[in-house]
$ cat run_7.cif   # mmCIF, N, CA and C atoms
data_input
loop_
_atom_site.label_atom_id
_atom_site.label_comp_id
_atom_site.auth_asym_id
_atom_site.auth_seq_id
_atom_site.Cartn_x
_atom_site.Cartn_y
_atom_site.Cartn_z
N MET A 1 0.80 -1.19 0.00
CA MET A 1 0.00 0.00 0.00
C MET A 1 0.84 1.26 0.00
N ALA A 2 2.08 1.15 0.39
CA ALA A 2 2.89 2.34 0.49
C ALA A 2 3.36 2.84 -0.87
N GLU A 3 3.10 2.09 -1.92
CA GLU A 3 3.56 2.51 -3.23
C GLU A 3 2.63 3.55 -3.83
N ALA A 4 3.23 4.53 -4.47
CA ALA A 4 2.46 5.55 -5.17
C ALA A 4 2.01 5.00 -6.52
N PRO A 5 0.96 5.58 -7.12
CA PRO A 5 0.49 5.08 -8.42
C PRO A 5 1.58 5.05 -9.48
N SER A 6 2.50 6.01 -9.44
CA SER A 6 3.56 6.01 -10.44
C SER A 6 4.46 4.78 -10.30
N GLN A 7 4.44 4.16 -9.13
CA GLN A 7 5.24 2.97 -8.90
C GLN A 7 4.41 1.70 -9.06
N LEU A 8 3.11 1.85 -9.23
CA LEU A 8 2.22 0.72 -9.36
C LEU A 8 2.22 0.27 -10.81
N SER A 9 2.60 -0.95 -11.02
CA SER A 9 2.59 -1.46 -12.39
C SER A 9 1.53 -2.54 -12.50
N ILE A 10 0.88 -2.56 -13.63
CA ILE A 10 -0.16 -3.54 -13.90
C ILE A 10 0.30 -4.38 -15.08
N SER A 11 0.21 -5.67 -14.93
CA SER A 11 0.65 -6.56 -16.00
C SER A 11 -0.25 -6.40 -17.22
N ALA A 12 0.29 -6.74 -18.37
CA ALA A 12 -0.49 -6.68 -19.61
C ALA A 12 -1.71 -7.60 -19.51
N HIS A 13 -1.53 -8.74 -18.85
CA HIS A 13 -2.64 -9.68 -18.66
C HIS A 13 -3.77 -9.02 -17.88
N ALA A 14 -3.42 -8.32 -16.80
CA ALA A 14 -4.44 -7.65 -16.00
C ALA A 14 -5.12 -6.55 -16.80
N LEU A 15 -4.34 -5.78 -17.54
CA LEU A 15 -4.93 -4.71 -18.35
C LEU A 15 -5.94 -5.25 -19.34
N ASN A 16 -5.65 -6.43 -19.88
CA ASN A 16 -6.54 -7.01 -20.89
C ASN A 16 -7.68 -7.81 -20.28
N SER A 17 -7.51 -8.30 -19.06
CA SER A 17 -8.54 -9.16 -18.48
C SER A 17 -9.39 -8.48 -17.41
N TRP A 18 -8.90 -7.40 -16.83
CA TRP A 18 -9.67 -6.71 -15.79
C TRP A 18 -10.73 -5.83 -16.43
N SER A 19 -11.84 -5.70 -15.74
CA SER A 19 -12.90 -4.82 -16.23
C SER A 19 -12.49 -3.36 -16.03
N ALA A 20 -13.17 -2.48 -16.71
CA ALA A 20 -12.90 -1.05 -16.54
C ALA A 20 -13.14 -0.64 -15.09
N GLU A 21 -14.14 -1.23 -14.45
CA GLU A 21 -14.44 -0.91 -13.05
C GLU A 21 -13.29 -1.33 -12.13
N GLN A 22 -12.72 -2.52 -12.39
CA GLN A 22 -11.60 -2.98 -11.58
C GLN A 22 -10.38 -2.07 -11.75
N LEU A 23 -10.12 -1.67 -12.97
CA LEU A 23 -8.99 -0.77 -13.23
C LEU A 23 -9.22 0.59 -12.61
N PHE A 24 -10.46 1.07 -12.66
CA PHE A 24 -10.80 2.34 -12.03
C PHE A 24 -10.58 2.24 -10.51
N ASP A 25 -11.03 1.15 -9.91
CA ASP A 25 -10.86 0.95 -8.47
C ASP A 25 -9.39 0.92 -8.09
N LEU A 26 -8.58 0.27 -8.91
CA LEU A 26 -7.15 0.20 -8.63
C LEU A 26 -6.52 1.59 -8.69
N ARG A 27 -6.88 2.34 -9.68
CA ARG A 27 -6.34 3.70 -9.79
C ARG A 27 -6.82 4.57 -8.63
N TRP A 28 -8.10 4.42 -8.25
CA TRP A 28 -8.63 5.17 -7.10
C TRP A 28 -7.86 4.82 -5.83
N ALA A 29 -7.67 3.53 -5.59
CA ALA A 29 -6.97 3.09 -4.38
C ALA A 29 -5.55 3.64 -4.36
N ALA A 30 -4.87 3.55 -5.48
CA ALA A 30 -3.49 4.04 -5.55
C ALA A 30 -3.43 5.55 -5.35
N THR A 31 -4.41 6.26 -5.87
CA THR A 31 -4.43 7.72 -5.71
C THR A 31 -4.68 8.11 -4.26
N VAL A 32 -5.56 7.41 -3.59
CA VAL A 32 -5.84 7.68 -2.17
C VAL A 32 -4.57 7.45 -1.34
N VAL A 33 -3.89 6.36 -1.61
CA VAL A 33 -2.64 6.05 -0.89
C VAL A 33 -1.60 7.13 -1.18
N GLU A 34 -1.48 7.53 -2.43
CA GLU A 34 -0.51 8.55 -2.80
C GLU A 34 -0.79 9.87 -2.07
N LYS A 35 -2.05 10.25 -1.98
CA LYS A 35 -2.39 11.50 -1.28
C LYS A 35 -2.03 11.42 0.20
N ALA A 36 -2.34 10.30 0.84
CA ALA A 36 -2.02 10.14 2.26
C ALA A 36 -0.52 10.16 2.48
N LEU A 37 0.22 9.49 1.62
CA LEU A 37 1.68 9.49 1.73
C LEU A 37 2.26 10.87 1.48
N ARG A 38 1.71 11.59 0.53
CA ARG A 38 2.19 12.94 0.24
C ARG A 38 1.97 13.84 1.46
N ARG A 39 0.81 13.72 2.09
CA ARG A 39 0.54 14.51 3.28
C ARG A 39 1.50 14.15 4.41
N LEU A 40 1.75 12.86 4.60
CA LEU A 40 2.67 12.43 5.64
C LEU A 40 4.07 12.95 5.36
N ARG A 41 4.49 12.89 4.13
CA ARG A 41 5.81 13.39 3.74
C ARG A 41 5.91 14.90 4.02
N GLU A 42 4.88 15.63 3.64
CA GLU A 42 4.88 17.07 3.86
C GLU A 42 4.92 17.41 5.35
N GLU A 43 4.19 16.65 6.15
CA GLU A 43 4.23 16.86 7.60
C GLU A 43 5.64 16.62 8.14
N CYS A 44 6.25 15.53 7.71
CA CYS A 44 7.60 15.22 8.17
C CYS A 44 8.59 16.29 7.71
N GLN A 45 8.43 16.72 6.47
CA GLN A 45 9.32 17.75 5.94
C GLN A 45 9.19 19.05 6.74
N SER A 46 7.97 19.42 7.08
CA SER A 46 7.77 20.66 7.83
C SER A 46 8.35 20.57 9.24
N ARG A 47 8.50 19.35 9.73
CA ARG A 47 9.09 19.15 11.06
C ARG A 47 10.57 18.77 10.99
N ARG A 48 11.14 18.95 9.80
CA ARG A 48 12.55 18.62 9.57
C ARG A 48 12.86 17.15 9.86
N ARG A 49 11.94 16.29 9.44
CA ARG A 49 12.08 14.85 9.64
C ARG A 49 11.95 14.10 8.31
N LEU A 50 12.33 14.77 7.24
CA LEU A 50 12.21 14.16 5.93
C LEU A 50 13.08 12.91 5.79
N ARG A 51 14.28 12.96 6.33
CA ARG A 51 15.16 11.78 6.26
C ARG A 51 14.54 10.60 6.98
N LEU A 52 13.93 10.85 8.12
CA LEU A 52 13.25 9.79 8.86
C LEU A 52 12.12 9.21 8.01
N PHE A 53 11.32 10.07 7.40
CA PHE A 53 10.23 9.60 6.55
C PHE A 53 10.76 8.76 5.39
N GLU A 54 11.76 9.28 4.69
CA GLU A 54 12.28 8.58 3.52
C GLU A 54 12.90 7.24 3.89
N THR A 55 13.48 7.15 5.07
CA THR A 55 14.09 5.89 5.50
C THR A 55 13.03 4.88 5.92
N LEU A 56 12.00 5.35 6.63
CA LEU A 56 10.99 4.43 7.17
C LEU A 56 9.80 4.20 6.25
N ASN A 57 9.62 5.03 5.25
CA ASN A 57 8.49 4.91 4.33
C ASN A 57 8.31 3.50 3.77
N PRO A 58 9.37 2.83 3.33
CA PRO A 58 9.16 1.48 2.77
C PRO A 58 8.62 0.47 3.79
N TYR A 59 8.66 0.81 5.06
CA TYR A 59 8.26 -0.12 6.11
C TYR A 59 6.91 0.24 6.73
N LEU A 60 6.23 1.21 6.19
CA LEU A 60 4.95 1.64 6.76
C LEU A 60 3.92 0.51 6.77
N THR A 61 3.97 -0.35 5.79
CA THR A 61 2.99 -1.44 5.72
C THR A 61 3.66 -2.81 5.81
N ALA A 62 4.94 -2.84 6.14
CA ALA A 62 5.66 -4.11 6.23
C ALA A 62 5.30 -4.85 7.51
N GLU A 63 5.39 -6.15 7.45
CA GLU A 63 5.21 -6.97 8.63
C GLU A 63 6.41 -6.78 9.55
N ARG A 64 6.19 -6.95 10.83
CA ARG A 64 7.28 -6.79 11.80
C ARG A 64 8.50 -7.63 11.46
N ALA A 65 8.26 -8.85 11.03
CA ALA A 65 9.37 -9.76 10.72
C ALA A 65 10.20 -9.27 9.54
N ASP A 66 9.62 -8.41 8.71
CA ASP A 66 10.32 -7.91 7.53
C ASP A 66 11.12 -6.64 7.79
N VAL A 67 11.11 -6.17 9.03
CA VAL A 67 11.79 -4.93 9.38
C VAL A 67 13.03 -5.25 10.20
N SER A 68 14.18 -4.76 9.75
CA SER A 68 15.42 -4.90 10.52
C SER A 68 15.62 -3.59 11.29
N TYR A 69 15.14 -3.60 12.53
CA TYR A 69 15.27 -2.40 13.34
C TYR A 69 16.73 -2.05 13.58
N GLN A 70 17.57 -3.07 13.66
CA GLN A 70 19.00 -2.85 13.87
C GLN A 70 19.60 -2.08 12.69
N ASN A 71 19.28 -2.50 11.47
CA ASN A 71 19.79 -1.80 10.29
C ASN A 71 19.26 -0.38 10.20
N LEU A 72 17.98 -0.22 10.47
CA LEU A 72 17.39 1.12 10.41
C LEU A 72 17.99 2.03 11.48
N ALA A 73 18.26 1.47 12.67
CA ALA A 73 18.89 2.25 13.74
C ALA A 73 20.26 2.72 13.30
N ALA A 74 21.01 1.86 12.63
CA ALA A 74 22.34 2.22 12.15
C ALA A 74 22.25 3.32 11.08
N ILE A 75 21.30 3.18 10.17
CA ILE A 75 21.14 4.17 9.11
C ILE A 75 20.77 5.53 9.68
N LEU A 76 19.87 5.53 10.66
CA LEU A 76 19.38 6.78 11.23
C LEU A 76 20.20 7.30 12.40
N SER A 77 21.14 6.48 12.85
CA SER A 77 21.99 6.84 14.00
C SER A 77 21.15 7.11 15.25
N ILE A 78 20.18 6.23 15.47
CA ILE A 78 19.37 6.27 16.69
C ILE A 78 19.25 4.86 17.23
N THR A 79 18.69 4.72 18.40
CA THR A 79 18.55 3.39 19.01
C THR A 79 17.44 2.59 18.32
N GLU A 80 17.50 1.28 18.51
CA GLU A 80 16.44 0.43 17.96
C GLU A 80 15.08 0.77 18.56
N SER A 81 15.06 1.06 19.85
CA SER A 81 13.78 1.40 20.47
C SER A 81 13.24 2.71 19.90
N ALA A 82 14.11 3.64 19.56
CA ALA A 82 13.68 4.89 18.94
C ALA A 82 13.13 4.63 17.54
N VAL A 83 13.74 3.71 16.81
CA VAL A 83 13.24 3.35 15.48
C VAL A 83 11.85 2.76 15.60
N LYS A 84 11.67 1.84 16.55
CA LYS A 84 10.36 1.22 16.75
C LYS A 84 9.30 2.27 17.07
N LYS A 85 9.64 3.20 17.93
CA LYS A 85 8.69 4.24 18.31
C LYS A 85 8.37 5.14 17.12
N GLN A 86 9.40 5.56 16.39
CA GLN A 86 9.18 6.44 15.24
C GLN A 86 8.36 5.74 14.15
N LEU A 87 8.66 4.48 13.90
CA LEU A 87 7.91 3.74 12.90
C LEU A 87 6.46 3.56 13.35
N HIS A 88 6.26 3.26 14.61
CA HIS A 88 4.91 3.12 15.16
C HIS A 88 4.14 4.44 14.98
N ASN A 89 4.77 5.55 15.31
CA ASN A 89 4.12 6.86 15.18
C ASN A 89 3.80 7.19 13.72
N LEU A 90 4.73 6.90 12.82
CA LEU A 90 4.48 7.16 11.39
C LEU A 90 3.35 6.28 10.86
N ARG A 91 3.33 5.02 11.27
CA ARG A 91 2.27 4.11 10.84
C ARG A 91 0.91 4.59 11.34
N ARG A 92 0.86 5.00 12.59
CA ARG A 92 -0.39 5.49 13.16
C ARG A 92 -0.88 6.73 12.42
N ARG A 93 0.03 7.67 12.15
CA ARG A 93 -0.33 8.89 11.44
C ARG A 93 -0.74 8.57 10.00
N TYR A 94 -0.03 7.65 9.35
CA TYR A 94 -0.36 7.23 7.99
C TYR A 94 -1.77 6.64 7.95
N ARG A 95 -2.09 5.77 8.89
CA ARG A 95 -3.44 5.18 8.94
C ARG A 95 -4.50 6.28 9.10
N TRP A 96 -4.21 7.25 9.96
CA TRP A 96 -5.17 8.33 10.17
C TRP A 96 -5.35 9.13 8.88
N LEU A 97 -4.25 9.45 8.23
CA LEU A 97 -4.32 10.22 6.98
C LEU A 97 -5.04 9.43 5.89
N LEU A 98 -4.80 8.14 5.82
CA LEU A 98 -5.47 7.28 4.85
C LEU A 98 -6.98 7.27 5.11
N CYS A 99 -7.35 7.12 6.36
CA CYS A 99 -8.78 7.17 6.71
C CYS A 99 -9.39 8.52 6.37
N ASP A 100 -8.64 9.57 6.61
CA ASP A 100 -9.12 10.91 6.29
C ASP A 100 -9.33 11.08 4.79
N GLU A 101 -8.40 10.57 4.00
CA GLU A 101 -8.54 10.65 2.54
C GLU A 101 -9.76 9.85 2.07
N VAL A 102 -9.95 8.67 2.62
CA VAL A 102 -11.10 7.85 2.25
C VAL A 102 -12.39 8.53 2.69
N ALA A 103 -12.38 9.14 3.87
CA ALA A 103 -13.58 9.81 4.38
C ALA A 103 -14.04 10.91 3.43
N GLN A 104 -13.12 11.49 2.69
CA GLN A 104 -13.48 12.54 1.74
C GLN A 104 -14.15 12.00 0.49
N THR A 105 -14.15 10.66 0.34
CA THR A 105 -14.74 10.06 -0.86
C THR A 105 -16.07 9.37 -0.59
N VAL A 106 -16.52 9.36 0.66
CA VAL A 106 -17.78 8.69 1.00
C VAL A 106 -18.77 9.69 1.60
N GLU A 107 -20.04 9.41 1.42
CA GLU A 107 -21.07 10.27 1.99
C GLU A 107 -21.26 10.00 3.47
N ASN A 108 -21.24 8.72 3.84
CA ASN A 108 -21.50 8.32 5.21
C ASN A 108 -20.19 7.94 5.91
N PRO A 109 -19.84 8.62 6.99
CA PRO A 109 -18.60 8.30 7.71
C PRO A 109 -18.51 6.84 8.16
N ASN A 110 -19.65 6.19 8.32
CA ASN A 110 -19.65 4.77 8.72
C ASN A 110 -19.15 3.86 7.61
N ASP A 111 -19.03 4.38 6.41
CA ASP A 111 -18.56 3.58 5.27
C ASP A 111 -17.04 3.55 5.14
N VAL A 112 -16.34 4.33 5.95
CA VAL A 112 -14.88 4.46 5.81
C VAL A 112 -14.19 3.10 5.99
N GLU A 113 -14.53 2.36 7.02
CA GLU A 113 -13.85 1.08 7.27
C GLU A 113 -14.04 0.11 6.11
N GLY A 114 -15.25 0.03 5.58
CA GLY A 114 -15.50 -0.85 4.44
C GLY A 114 -14.72 -0.42 3.21
N GLU A 115 -14.63 0.89 3.01
CA GLU A 115 -13.86 1.40 1.87
C GLU A 115 -12.36 1.12 2.04
N ILE A 116 -11.88 1.20 3.27
CA ILE A 116 -10.47 0.88 3.54
C ILE A 116 -10.21 -0.60 3.21
N ARG A 117 -11.12 -1.47 3.62
CA ARG A 117 -10.97 -2.90 3.30
C ARG A 117 -10.96 -3.10 1.79
N HIS A 118 -11.87 -2.41 1.09
CA HIS A 118 -11.92 -2.52 -0.38
C HIS A 118 -10.63 -1.99 -1.00
N LEU A 119 -10.12 -0.89 -0.48
CA LEU A 119 -8.88 -0.29 -0.96
C LEU A 119 -7.74 -1.30 -0.82
N CYS A 120 -7.63 -1.92 0.35
CA CYS A 120 -6.55 -2.89 0.59
C CYS A 120 -6.67 -4.10 -0.32
N ALA A 121 -7.90 -4.61 -0.48
CA ALA A 121 -8.11 -5.77 -1.35
C ALA A 121 -7.77 -5.43 -2.80
N THR A 122 -8.14 -4.25 -3.23
CA THR A 122 -7.87 -3.81 -4.60
C THR A 122 -6.37 -3.69 -4.84
N LEU A 123 -5.66 -3.07 -3.89
CA LEU A 123 -4.22 -2.93 -4.05
C LEU A 123 -3.52 -4.30 -4.00
N ALA A 124 -3.99 -5.18 -3.16
CA ALA A 124 -3.40 -6.53 -3.09
C ALA A 124 -3.60 -7.26 -4.41
N ALA A 125 -4.79 -7.15 -4.98
CA ALA A 125 -5.05 -7.80 -6.28
C ALA A 125 -4.19 -7.17 -7.37
N GLY A 126 -4.00 -5.85 -7.30
CA GLY A 126 -3.16 -5.17 -8.28
C GLY A 126 -1.71 -5.59 -8.16
N ALA A 127 -1.25 -5.78 -6.94
CA ALA A 127 0.14 -6.21 -6.72
C ALA A 127 0.35 -7.63 -7.23
N GLU A 128 -0.63 -8.48 -7.06
CA GLU A 128 -0.53 -9.87 -7.53
C GLU A 128 -0.51 -9.92 -9.05
N ALA A 129 -1.24 -9.00 -9.68
CA ALA A 129 -1.34 -8.99 -11.15
C ALA A 129 -0.07 -8.43 -11.79
N ALA A 130 0.72 -7.66 -11.02
CA ALA A 130 1.90 -7.02 -11.58
C ALA A 130 3.00 -8.00 -11.86
#

$ encode --input "run_7.cif" --output "structure tokens"
Amino acid sequence: MAEAPSQLSISAHALNSWSAEQLFDLRWAATVVEKALRRLREECQSRRRLRLFETLNPYLTAERADVSYQNLAAILSITESAVKKQLHNLRRRYRWLLCDEVAQTVENPNDVEGEIRHLCATLAAGAEAA
């Protein structure tokens, strides 16, 4: 989900076999993610934390087992516990921004969770097709 639409690639098979609605949904999902990430980046930049964002961005949606806190601590010259805290904070803020972006696309605020699930499923299907 952390990938921007410009980084999202769709296989030729998917382009030819997916319906226009599925392709529209994929583009919508990618655009929503891109907007949330752009906002998070801008927030970090305004707080002089752009390097932190750029280093941790690839791990915003990664599983814990896929994150080497030791390597990230070395790159950022901070402790592992500080990396865990910063990543946790960025993930929490990213989720909030993502929900906020989705909320702007629905009439009923109660629909946000369902739309988030649809967004995730759409992006997962798009990643599998790539």

$ residues_around --input "run_7.cif" --residues "range 21-25 of chain A" --least-positions-apart "5" --cutoff "8 Å" --atoms "all atoms listed in the file" --output "list of chain:residue names"
A:Ala14, A:Leu15, A:Ala30, A:Thr31, A:His118, A:Leu119, A:Thr122, A:Leu123

$ write_last_selection --input "run_7.cif" --atoms "N, CA and C atoms" --output "PDB file, keeping the file's coordinate frame"
ATOM      1  N   ALA A  14      -3.420  -8.320 -16.800  1.00  0.00           N
ATOM      2  CA  ALA A  14      -4.440  -7.650 -16.000  1.00  0.00           C
ATOM      3  C   ALA A  14      -5.120  -6.550 -16.800  1.00  0.00           C
ATOM      4  N   LEU A  15      -4.340  -5.780 -17.540  1.00  0.00           N
ATOM      5  CA  LEU A  15      -4.930  -4.710 -18.350  1.00  0.00           C
ATOM      6  C   LEU A  15      -5.940  -5.250 -19.340  1.00  0.00           C
ATOM      7  N   ALA A  30      -4.870   3.550  -5.480  1.00  0.00           N
ATOM      8  CA  ALA A  30      -3.490   4.040  -5.550  1.00  0.00           C
ATOM      9  C   ALA A  30      -3.430   5.550  -5.350  1.00  0.00           C
ATOM     10  N   THR A  31      -4.410   6.260  -5.870  1.00  0.00           N
ATOM     11  CA  THR A  31      -4.430   7.720  -5.710  1.00  0.00           C
ATOM     12  C   THR A  31      -4.680   8.110  -4.260  1.00  0.00           C
ATOM     13  N   HIS A 118     -11.870  -2.410   1.090  1.00  0.00           N
ATOM     14  CA  HIS A 118     -11.920  -2.520  -0.380  1.00  0.00           C
ATOM     15  C   HIS A 118     -10.630  -1.990  -1.000  1.00  0.00           C
ATOM     16  N   LEU A 119     -10.120  -0.890  -0.480  1.00  0.00           N
ATOM     17  CA  LEU A 119      -8.880  -0.290  -0.960  1.00  0.00           C
ATOM     18  C   LEU A 119      -7.740  -1.300  -0.820  1.00  0.00           C
ATOM     19  N   THR A 122      -8.140  -4.250  -3.230  1.00  0.00           N
ATOM     20  CA  THR A 122      -7.870  -3.810  -4.600  1.00  0.00           C
ATOM     21  C   THR A 122      -6.370  -3.690  -4.840  1.00  0.00           C
ATOM     22  N   LEU A 123      -5.660  -3.070  -3.890  1.00  0.00           N
ATOM     23  CA  LEU A 123      -4.220  -2.930  -4.050  1.00  0.00           C
ATOM     24  C   LEU A 123      -3.520  -4.300  -4.000  1.00  0.00           C
TER      25      LEU A 123
END

$ closest_residue --input "run_7.cif" --among "A:Ile75, A:Val112, A:Ala103, A:Leu60" --to "Leu90 in chain A" --atoms "all atoms listed in the file"
A:Leu60

$ residues_around --input "run_7.cif" --residues "Ser68 in chain A" --least-positions-apart "4" --cutoff "12 Å" --atoms "only C-alpha atoms" --output "list in words"
Thr55, Leu56, Pro58, Tyr59, Ala62, Glu63, Arg64, Leu72, Ala73, Ala74, Ile75, Glu80, Ser81, Val83, Lys84 and Leu87 of chain A

$ select_by_dssp --input "run_7.cif" --residues "chain A" --states "helix (DSSP H, G or I)" --output "JSON, numbers by chain"
{"A": [5, 6, 7, 12, 13, 14, 15, 16, 17, 20, 21, 22, 23, 24, 25, 26, 27, 28, 29, 30, 31, 32, 33, 34, 35, 36, 37, 38, 39, 40, 41, 42, 43, 44, 45, 46, 50, 51, 52, 53, 54, 55, 56, 57, 58, 59, 64, 65, 66, 69, 70, 71, 72, 73, 74, 75, 76, 80, 81, 82, 83, 84, 85, 86, 87, 88, 89, 90, 91, 92, 93, 94, 95, 96, 97, 98, 99, 100, 101, 102, 103, 109, 110, 111, 112, 113, 114, 115, 116, 117, 118, 119, 120, 121, 122, 123, 124, 125, 126, 127, 128, 129]}

$ atom_distance --input "run_7.cif" --atom1 "atom C of Ala82 in chain A" --atom2 "atom C of Tyr69 in chain A"
8.6 Å

$ closest_residue --input "run_7.cif" --among "A:Gln70, A:Ser19, A:Thr61, A:Gln45" --to "Tyr94 in chain A" --atoms "only C-alpha atoms"
A:Thr61

$ atom_distance --input "run_7.cif" --atom1 "atom C of Val106 in chain A" --atom2 "CA of Arg92 in chain A"
22.1 Å

$ resolve_selection --input "run_7.cif" --expression "the PyMOL selection byres (((chain A and resi 40 and name CA) around 9) and name CA)" --output "PyMOL selection string"
chain A and resi 35-39+41-45+53+90+93-94+97

$ atom_distance --input "run_7.cif" --atom1 "atom N of Arg95 in chain A" --atom2 "atom C of Val32 in chain A"
10.7 Å

$ axis_aligned_box --input "run_7.cif" --around "range 85-96 of chain A" --padding-each-side "3 Å" --output "lines of an AutoDock Vina configuration file"
center_x = 2.1
center_y = 6.1
center_z = 13.1
size_x = 21.0
size_y = 12.0
size_z = 16.4
